[in-house]
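Undergrad: Below is one structure. I have some questions about it.
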Amino acid sequence: MIIWEKIKQDLIFFLKDEVAKTGLNKVTVGLSGGLDSAVVAILCKEAFGDNLNCVLMPSQFSSKSSTEHAIEVCEKFNIKYEIISIEPMVSAFIKNMDEDKLRIGNFSARMRMSVLYDVSSREKSLVVGTSNRSEILLGYGTIFGDIACAINPIGEIYKSDEFEFAKYLGVPESILGKAPSADLWEGQSDEEELGHTYKEMDDLLKAMIDENKSKDELLKLGFEETFIDKISYRVKANAFKGKLPTIAKIRWN
């Protein structure tokens, strides 16, 4: 309990400090009804009070429970929110996608971020990100979509650890108890799509990235070689998503 209180206070200080550096005093958060955005919204509420605006952006593929759970968070913590459906935007373009779930999901994520940045412009606020460390390392997110933000308070928290933090913060049981899902299409599951549970992947990532253990050391710890290779490749292949665009260096003489 003590460590989570310290982390909570550190993240609230981070949020206040980073926003103050910009000369602004408001933040905007996209609230999905999932764990990550609930945690971020609660932290932002404590940091900024009524200067937080949450935006719910359902599409025709969103589950009804996602909106219900997002509203539940807002009502429990007295958070202002608005609902802006992205269905018209997705419907206008979806005919070009040949029912490709991944393309539709990526497009939906980018439409949500377009809406979020427009709202933040209207409100003169900063967009706060909701991607956790597991998603960032694995590249499990849409570049210029849900990954996009001005600041991110939970990017150093692994998903499997975040459940405990969320429980400490008072995230509703309806969110704590459901399987992680980006809710990009009906029945979509993060762990099914990734092929492993977050706990399995996080245990490997902590040893591989945080502790910088070699492959031989990882094998001795009991991780299977195919699992190590799969996750290692995924981390390297998706590293570009967390970087600014590479700009060519020009020699002028």
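By order of appearance in the structure tokens: chains A, B, ..., then residues from 1 within every chain, and ligands from 1 in the order shown.
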Neighbours of A:Ala38 within 7 Å (only C-alpha atoms; same-chain residues fewer than 6 positions away dropped), as a list in words?

TA: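 Counting only the stated atoms, we get Leu31, Val73 and Val171 of chain A.
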
Undergrad: Save the residues we just selected, N, CA and C atoms, as a PDB file, in the first residue's frame?

TA:
ATOM      1  N   LEU A  31     -11.310   8.283 -22.623  1.00  0.00           N
ATOM      2  CA  LEU A  31     -11.725   7.267 -21.657  1.00  0.00           C
ATOM      3  C   LEU A  31     -12.435   6.132 -22.396  1.00  0.00           C
ATOM      4  N   VAL A  73     -16.823   5.197 -14.106  1.00  0.00           N
ATOM      5  CA  VAL A  73     -15.631   5.858 -13.545  1.00  0.00           C
ATOM      6  C   VAL A  73     -15.888   7.351 -13.351  1.00  0.00           C
ATOM      7  N   VAL A 171     -10.450   1.941  -8.837  1.00  0.00           N
ATOM      8  CA  VAL A 171     -11.086   1.646 -10.122  1.00  0.00           C
ATOM      9  C   VAL A 171     -12.207   0.626  -9.887  1.00  0.00           C
TER      10      VAL A 171
END

Undergrad: Residues at most 12 Å from A:Asn78, counting only C-alpha atoms, excluding those fewer than 2 positions away in the same chain, as a ChimeraX atom specification?

TA: /A:41-42,44-46,49-54,70-76,80-81

Undergrad: For the residues selected in the previous step, produce a file with N, CA and C atoms as an mmCIF file, in the first residue's frame.

TA:
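File out_17.cif, as written:
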data_model
loop_
_atom_site.group_PDB
_atom_site.id
_atom_site.type_symbol
_atom_site.label_atom_id
_atom_site.label_comp_id
_atom_site.auth_asym_id
_atom_site.auth_seq_id
_atom_site.Cartn_x
_atom_site.Cartn_y
_atom_site.Cartn_z
ATOM 1 N N ALA A 41 -7.297 8.737 -15.806
ATOM 2 C CA ALA A 41 -8.353 9.705 -15.499
ATOM 3 C C ALA A 41 -8.409 10.009 -14.003
ATOM 4 N N ILE A 42 -8.265 8.988 -13.182
ATOM 5 C CA ILE A 42 -8.306 9.188 -11.725
ATOM 6 C C ILE A 42 -7.117 10.027 -11.270
ATOM 7 N N CYS A 44 -5.453 12.184 -13.101
ATOM 8 C CA CYS A 44 -5.651 13.542 -13.616
ATOM 9 C C CYS A 44 -6.718 14.289 -12.821
ATOM 10 N N LYS A 45 -7.731 13.584 -12.360
ATOM 11 C CA LYS A 45 -8.760 14.221 -11.534
ATOM 12 C C LYS A 45 -8.141 14.752 -10.246
ATOM 13 N N GLU A 46 -7.280 13.957 -9.629
ATOM 14 C CA GLU A 46 -6.626 14.403 -8.396
ATOM 15 C C GLU A 46 -5.669 15.554 -8.658
ATOM 16 N N GLY A 49 -8.438 18.427 -10.920
ATOM 17 C CA GLY A 49 -9.821 18.699 -10.533
ATOM 18 C C GLY A 49 -10.728 18.871 -11.726
ATOM 19 N N ASP A 50 -11.472 19.971 -11.758
ATOM 20 C CA ASP A 50 -12.408 20.227 -12.857
ATOM 21 C C ASP A 50 -11.725 20.669 -14.137
ATOM 22 N N ASN A 51 -10.409 20.804 -14.110
ATOM 23 C CA ASN A 51 -9.664 21.138 -15.323
ATOM 24 C C ASN A 51 -9.296 19.887 -16.128
ATOM 25 N N LEU A 52 -9.960 18.791 -15.807
ATOM 26 C CA LEU A 52 -9.862 17.558 -16.585
ATOM 27 C C LEU A 52 -11.138 17.379 -17.403
ATOM 28 N N ASN A 53 -10.965 17.039 -18.677
ATOM 29 C CA ASN A 53 -12.102 16.724 -19.532
ATOM 30 C C ASN A 53 -11.880 15.352 -20.151
ATOM 31 N N CYS A 54 -12.790 14.422 -19.893
ATOM 32 C CA CYS A 54 -12.693 13.082 -20.485
ATOM 33 C C CYS A 54 -13.623 12.962 -21.684
ATOM 34 N N ALA A 70 -16.922 3.311 -18.629
ATOM 35 C CA ALA A 70 -16.289 4.637 -18.642
ATOM 36 C C ALA A 70 -17.138 5.649 -17.873
ATOM 37 N N ILE A 71 -18.440 5.604 -18.100
ATOM 38 C CA ILE A 71 -19.346 6.505 -17.382
ATOM 39 C C ILE A 71 -19.332 6.194 -15.893
ATOM 40 N N GLU A 72 -19.217 4.919 -15.542
ATOM 41 C CA GLU A 72 -19.160 4.526 -14.131
ATOM 42 C C GLU A 72 -17.963 5.178 -13.433
ATOM 43 N N VAL A 73 -16.823 5.197 -14.106
ATOM 44 C CA VAL A 73 -15.631 5.858 -13.545
ATOM 45 C C VAL A 73 -15.888 7.351 -13.351
ATOM 46 N N CYS A 74 -16.459 7.974 -14.361
ATOM 47 C CA CYS A 74 -16.722 9.414 -14.289
ATOM 48 C C CYS A 74 -17.682 9.754 -13.150
ATOM 49 N N GLU A 75 -18.701 8.948 -12.998
ATOM 50 C CA GLU A 75 -19.684 9.212 -11.942
ATOM 51 C C GLU A 75 -19.096 8.968 -10.559
ATOM 52 N N LYS A 76 -18.285 7.928 -10.422
ATOM 53 C CA LYS A 76 -17.690 7.624 -9.119
ATOM 54 C C LYS A 76 -16.725 8.709 -8.671
ATOM 55 N N LYS A 80 -15.884 15.255 -15.338
ATOM 56 C CA LYS A 80 -16.634 15.760 -16.488
ATOM 57 C C LYS A 80 -16.328 14.894 -17.713
ATOM 58 N N TYR A 81 -17.355 14.641 -18.519
ATOM 59 C CA TYR A 81 -17.109 13.864 -19.726
ATOM 60 C C TYR A 81 -18.092 14.256 -20.824
#

Undergrad: With only C-alpha atoms as the basis for distance, which of A:Phe14, A:Phe107, A:Phe165, A:Trp4 is at the shortest distance from A:Asn152?

TA: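 The answer is A:Phe14, which sits nearest to A:Asn152.
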
Undergrad: Please compute the atom CA of A:Ser65-atom CA of A:Ile83 distance, one decimal, in Å.

TA: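 These two atoms are separated by 14.2 Å.
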
Undergrad: Tell me, as a VMD selection string, which residues lie within 8 Å of A:Leu24, counting only C-alpha atoms; anything in the same chain fewer than 4 positions away does not count.

TA: chain A and resid 19 to 20 124 to 126

Undergrad: Could you save those same residues with C-alpha atoms as a compact mmCIF listing (two decimals), in the first residue's frame?

TA:
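The result, written out as result-v5.txt:
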# COMPACT_ATOMS: atom_id res chain seq x y z
CA VAL A 19 1.49 20.67 -17.72
CA ALA A 20 2.66 23.81 -15.89
CA LYS A 124 -6.69 24.69 -24.59
CA SER A 125 -5.45 21.58 -22.86
CA LEU A 126 -2.87 18.80 -23.19
